[in-house]
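Data first, discussion second: the structure below is written as structure tokens.
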Amino acid sequence: RLQKDDPPFTLKVPADFNSSKLGFSEVTSRKWLSTLTPKEIYKQNIVWVAGGFVLGVKQVISEFIVAYRNTVNELLAQGLADTDQQVIASMYSPEMAWKQKIEIMTYSCPRGTFNLYGHAYLYFCLPYICKASAECKIKPTGHLENSNYLHMTSNYVK
């Protein structure tokens, strides 16, 4: 929760980010999607990546938006409507992944990294990595200075 006296902060793209892809915080391992159809993703409320913070360059985001809109229309035609997170999981399900030109790069943090607990460590991993990158707290070895070990995973999905 923001307070009136919270200090401003900046974000910086992590050093390992591939600008030809989109970056997301990983909520659930991709392996959970490996056998699911979009209908199953919706019925089971599967969330692969957090939709609240997306990292990408303008061209890649623009291409992703076109694919996302096409997927929304296709899912609506099947009677499926839910959150952006189910749309993205459906886009990269075995049934629809072959249509996607944009690859996803995911970031995950162990519970407690950046003092995040509950679901926060899943959903806010990438924004906090960007904040730590701007504050030069991430060493090239992948460790945070004076903090928990930071585990960045990269899932390149096409």
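Scheme for the structure tokens: letters A, B, ... for chains in order shown; per-chain residue numbers from 1; ligand numbers from 1 in order shown.
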List as CSV every residue of segment 9-55 of chain A that is in contact with segment 96-100 of chain A, defined as an atom at most 12 Å from one of its atoms (using only C-alpha atoms), together with the nearest atom pair and the distance in Å rounded to one decimal, sorted by chain and then rising number.
```
residue,atom,partner,partner_atom,distance
A:Lys21,CA,A:Gln100,CA,11.6
A:Leu33,CA,A:Ala97,CA,10.7
A:Ser34,CA,A:Ala97,CA,10.4
A:Thr35,CA,A:Met96,CA,11.8
A:Leu36,CA,A:Met96,CA,10.6
A:Thr37,CA,A:Met96,CA,8.6
A:Pro38,CA,A:Met96,CA,8.3
A:Lys39,CA,A:Met96,CA,11.7
```
Shell around Gly51 of chain A at 9 Å using only C-alpha atoms, local window under 3 positions removed, as a ChimeraX atom specification: /A:24-25,54,83-85,88,123
Can you spit out the residues from that selection as a JSON list (two decimals), in the first residue's frame, using C-alpha atoms?
```json
[["chain", "number", "residue", "atom", "x", "y", "z"],
["A", 24, "PHE", "CA", 6.46, -11.78, -17.02],
["A", 25, "SER", "CA", 6.54, -12.97, -13.41],
["A", 54, "VAL", "CA", 4.78, -6.89, -18.59],
["A", 83, "THR", "CA", -8.94, -12.78, -16.81],
["A", 84, "ASP", "CA", -5.97, -11.69, -18.90],
["A", 85, "GLN", "CA", -3.98, -14.38, -17.12],
["A", 88, "ILE", "CA", -2.19, -15.69, -21.81],
["A", 123, "TYR", "CA", 3.10, -11.89, -8.77]]
```
Lys131 of chain A environment, 8 Å, only C-alpha atoms, sequence neighbours closer than 2 positions dropped, as a list in words: Phe9, Thr10, Leu11, Lys12, Pro127, Tyr128, Ile129, Ser133, Ala134 and Glu135 of chain A
Requested write-out: C-alpha atoms of the selected residues, as a compact mmCIF listing (two decimals), in the first residue's frame:
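File result_14.txt, as written:
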```txt
# COMPACT_ATOMS: atom_id res chain seq x y z
CA PHE A 9 11.88 4.62 -7.01
CA THR A 10 13.00 3.73 -10.51
CA LEU A 11 12.91 0.54 -12.53
CA LYS A 12 15.58 -0.81 -14.86
CA PRO A 127 8.85 -5.64 -10.86
CA TYR A 128 11.07 -6.11 -7.81
CA ILE A 129 13.88 -7.49 -10.00
CA SER A 133 18.39 -3.70 -11.07
CA ALA A 134 17.92 0.07 -10.93
CA GLU A 135 19.33 0.16 -7.40
```
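Minimum atom-to-atom distances from A:Ala120, A:Lys4, A:Phe53, A:Val13 to Ala132 of chain A were compared using only C-alpha atoms, and the lowest value belongs to A:Val13.
For the set A:Tyr117, A:Ile102, A:Arg111, A:Trp32, the residue with the smallest atom-to-atom gap to Gln44 of chain A is A:Trp32, counting only C-alpha atoms.
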In chain A, DSSP alpha helix (DSSP H) residues written as a ChimeraX atom specification: /A:38-43,58-77,84-91,120-123,125-134
Those selected residues, please, written with N, CA and C atoms and delivered as a short mmCIF file (atom, residue, chain, number, x, y, z; two decimals), in the first residue's frame.
```
data_model
loop_
_atom_site.label_atom_id
_atom_site.label_comp_id
_atom_site.auth_asym_id
_atom_site.auth_seq_id
_atom_site.Cartn_x
_atom_site.Cartn_y
_atom_site.Cartn_z
N PRO A 38 -7.42 -24.82 -23.47
CA PRO A 38 -7.92 -23.55 -22.95
C PRO A 38 -9.14 -23.73 -22.04
N LYS A 39 -10.03 -24.63 -22.39
CA LYS A 39 -11.22 -24.85 -21.56
C LYS A 39 -10.82 -25.33 -20.17
N GLU A 40 -9.84 -26.23 -20.09
CA GLU A 40 -9.37 -26.72 -18.79
C GLU A 40 -8.67 -25.61 -18.00
N ILE A 41 -7.92 -24.77 -18.71
CA ILE A 41 -7.24 -23.63 -18.06
C ILE A 41 -8.28 -22.72 -17.41
N TYR A 42 -9.37 -22.46 -18.12
CA TYR A 42 -10.42 -21.60 -17.59
C TYR A 42 -11.15 -22.27 -16.43
N LYS A 43 -11.54 -23.53 -16.61
CA LYS A 43 -12.29 -24.23 -15.56
C LYS A 43 -11.48 -24.39 -14.28
N LYS A 58 8.39 -1.76 -27.55
CA LYS A 58 7.15 -1.35 -28.21
C LYS A 58 6.73 -2.31 -29.33
N GLN A 59 7.64 -2.66 -30.21
CA GLN A 59 7.30 -3.52 -31.35
C GLN A 59 6.81 -4.90 -30.89
N VAL A 60 7.50 -5.48 -29.93
CA VAL A 60 7.12 -6.81 -29.43
C VAL A 60 5.77 -6.75 -28.71
N ILE A 61 5.58 -5.73 -27.91
CA ILE A 61 4.30 -5.57 -27.21
C ILE A 61 3.17 -5.38 -28.22
N SER A 62 3.41 -4.58 -29.25
CA SER A 62 2.38 -4.36 -30.28
C SER A 62 1.99 -5.66 -30.97
N GLU A 63 2.98 -6.48 -31.31
CA GLU A 63 2.69 -7.77 -31.95
C GLU A 63 1.94 -8.69 -30.99
N PHE A 64 2.32 -8.66 -29.73
CA PHE A 64 1.65 -9.48 -28.73
C PHE A 64 0.19 -9.06 -28.57
N ILE A 65 -0.07 -7.76 -28.59
CA ILE A 65 -1.44 -7.26 -28.44
C ILE A 65 -2.33 -7.79 -29.56
N VAL A 66 -1.82 -7.82 -30.78
CA VAL A 66 -2.60 -8.35 -31.91
C VAL A 66 -2.93 -9.82 -31.66
N ALA A 67 -1.93 -10.60 -31.26
CA ALA A 67 -2.15 -12.03 -30.99
C ALA A 67 -3.10 -12.22 -29.81
N TYR A 68 -2.96 -11.38 -28.79
CA TYR A 68 -3.82 -11.45 -27.61
C TYR A 68 -5.28 -11.18 -28.01
N ARG A 69 -5.50 -10.14 -28.79
CA ARG A 69 -6.87 -9.82 -29.23
C ARG A 69 -7.47 -10.95 -30.05
N ASN A 70 -6.67 -11.52 -30.95
CA ASN A 70 -7.16 -12.65 -31.75
C ASN A 70 -7.54 -13.82 -30.86
N THR A 71 -6.73 -14.07 -29.85
CA THR A 71 -7.01 -15.16 -28.92
C THR A 71 -8.28 -14.88 -28.12
N VAL A 72 -8.45 -13.66 -27.65
CA VAL A 72 -9.66 -13.29 -26.92
C VAL A 72 -10.89 -13.58 -27.78
N ASN A 73 -10.87 -13.15 -29.03
CA ASN A 73 -12.01 -13.38 -29.92
C ASN A 73 -12.27 -14.87 -30.13
N GLU A 74 -11.20 -15.64 -30.28
CA GLU A 74 -11.34 -17.09 -30.46
C GLU A 74 -11.92 -17.74 -29.20
N LEU A 75 -11.44 -17.32 -28.04
CA LEU A 75 -11.94 -17.89 -26.78
C LEU A 75 -13.39 -17.48 -26.52
N LEU A 76 -13.73 -16.24 -26.82
CA LEU A 76 -15.12 -15.79 -26.66
C LEU A 76 -16.06 -16.60 -27.55
N ALA A 77 -15.60 -16.92 -28.75
CA ALA A 77 -16.41 -17.73 -29.67
C ALA A 77 -16.65 -19.13 -29.10
N ASP A 84 -7.09 -11.75 -17.96
CA ASP A 84 -5.97 -11.69 -18.90
C ASP A 84 -5.03 -12.86 -18.68
N GLN A 85 -4.91 -13.30 -17.45
CA GLN A 85 -3.98 -14.38 -17.12
C GLN A 85 -4.42 -15.71 -17.73
N GLN A 86 -5.70 -15.97 -17.78
CA GLN A 86 -6.18 -17.19 -18.43
C GLN A 86 -6.04 -17.08 -19.95
N VAL A 87 -6.21 -15.88 -20.49
CA VAL A 87 -6.00 -15.69 -21.93
C VAL A 87 -4.56 -16.01 -22.28
N ILE A 88 -3.61 -15.46 -21.53
CA ILE A 88 -2.19 -15.69 -21.81
C ILE A 88 -1.83 -17.17 -21.65
N ALA A 89 -2.32 -17.80 -20.59
CA ALA A 89 -2.06 -19.24 -20.41
C ALA A 89 -2.64 -20.03 -21.58
N SER A 90 -3.82 -19.66 -22.03
CA SER A 90 -4.44 -20.34 -23.18
C SER A 90 -3.64 -20.12 -24.45
N MET A 91 -3.12 -18.91 -24.63
CA MET A 91 -2.33 -18.61 -25.83
C MET A 91 -1.15 -19.56 -25.98
N ALA A 120 2.45 -12.61 -3.10
CA ALA A 120 3.20 -11.46 -3.60
C ALA A 120 4.53 -11.86 -4.23
N TYR A 121 5.22 -12.85 -3.66
CA TYR A 121 6.52 -13.23 -4.23
C TYR A 121 6.36 -13.81 -5.63
N LEU A 122 5.20 -14.34 -5.96
CA LEU A 122 4.94 -14.86 -7.30
C LEU A 122 4.58 -13.74 -8.27
N TYR A 123 3.64 -12.91 -7.87
CA TYR A 123 3.10 -11.89 -8.77
C TYR A 123 4.01 -10.68 -8.95
N CYS A 125 7.50 -10.59 -8.57
CA CYS A 125 8.91 -10.92 -8.73
C CYS A 125 9.59 -10.01 -9.76
N LEU A 126 9.08 -9.97 -10.98
CA LEU A 126 9.73 -9.18 -12.03
C LEU A 126 9.78 -7.68 -11.71
N PRO A 127 8.71 -7.06 -11.22
CA PRO A 127 8.85 -5.64 -10.86
C PRO A 127 9.93 -5.39 -9.81
N TYR A 128 10.03 -6.28 -8.84
CA TYR A 128 11.07 -6.11 -7.81
C TYR A 128 12.46 -6.38 -8.37
N ILE A 129 12.58 -7.28 -9.33
CA ILE A 129 13.88 -7.49 -10.00
C ILE A 129 14.27 -6.21 -10.74
N CYS A 130 13.31 -5.58 -11.41
CA CYS A 130 13.58 -4.33 -12.12
C CYS A 130 13.97 -3.22 -11.15
N LYS A 131 13.32 -3.17 -10.00
CA LYS A 131 13.67 -2.18 -8.98
C LYS A 131 15.07 -2.44 -8.45
N ALA A 132 15.38 -3.70 -8.15
CA ALA A 132 16.71 -4.05 -7.66
C ALA A 132 17.78 -3.78 -8.72
N SER A 133 17.45 -3.99 -9.99
CA SER A 133 18.39 -3.70 -11.07
C SER A 133 18.71 -2.21 -11.11
N ALA A 134 17.71 -1.38 -10.92
CA ALA A 134 17.92 0.07 -10.93
C ALA A 134 18.74 0.52 -9.73
#
```
Backbone-only DSSP, strand (DSSP E or B) members of chain A, as a PyMOL selection string: chain A and resi 22-26+49+55+104-107+138+143-144+149+157
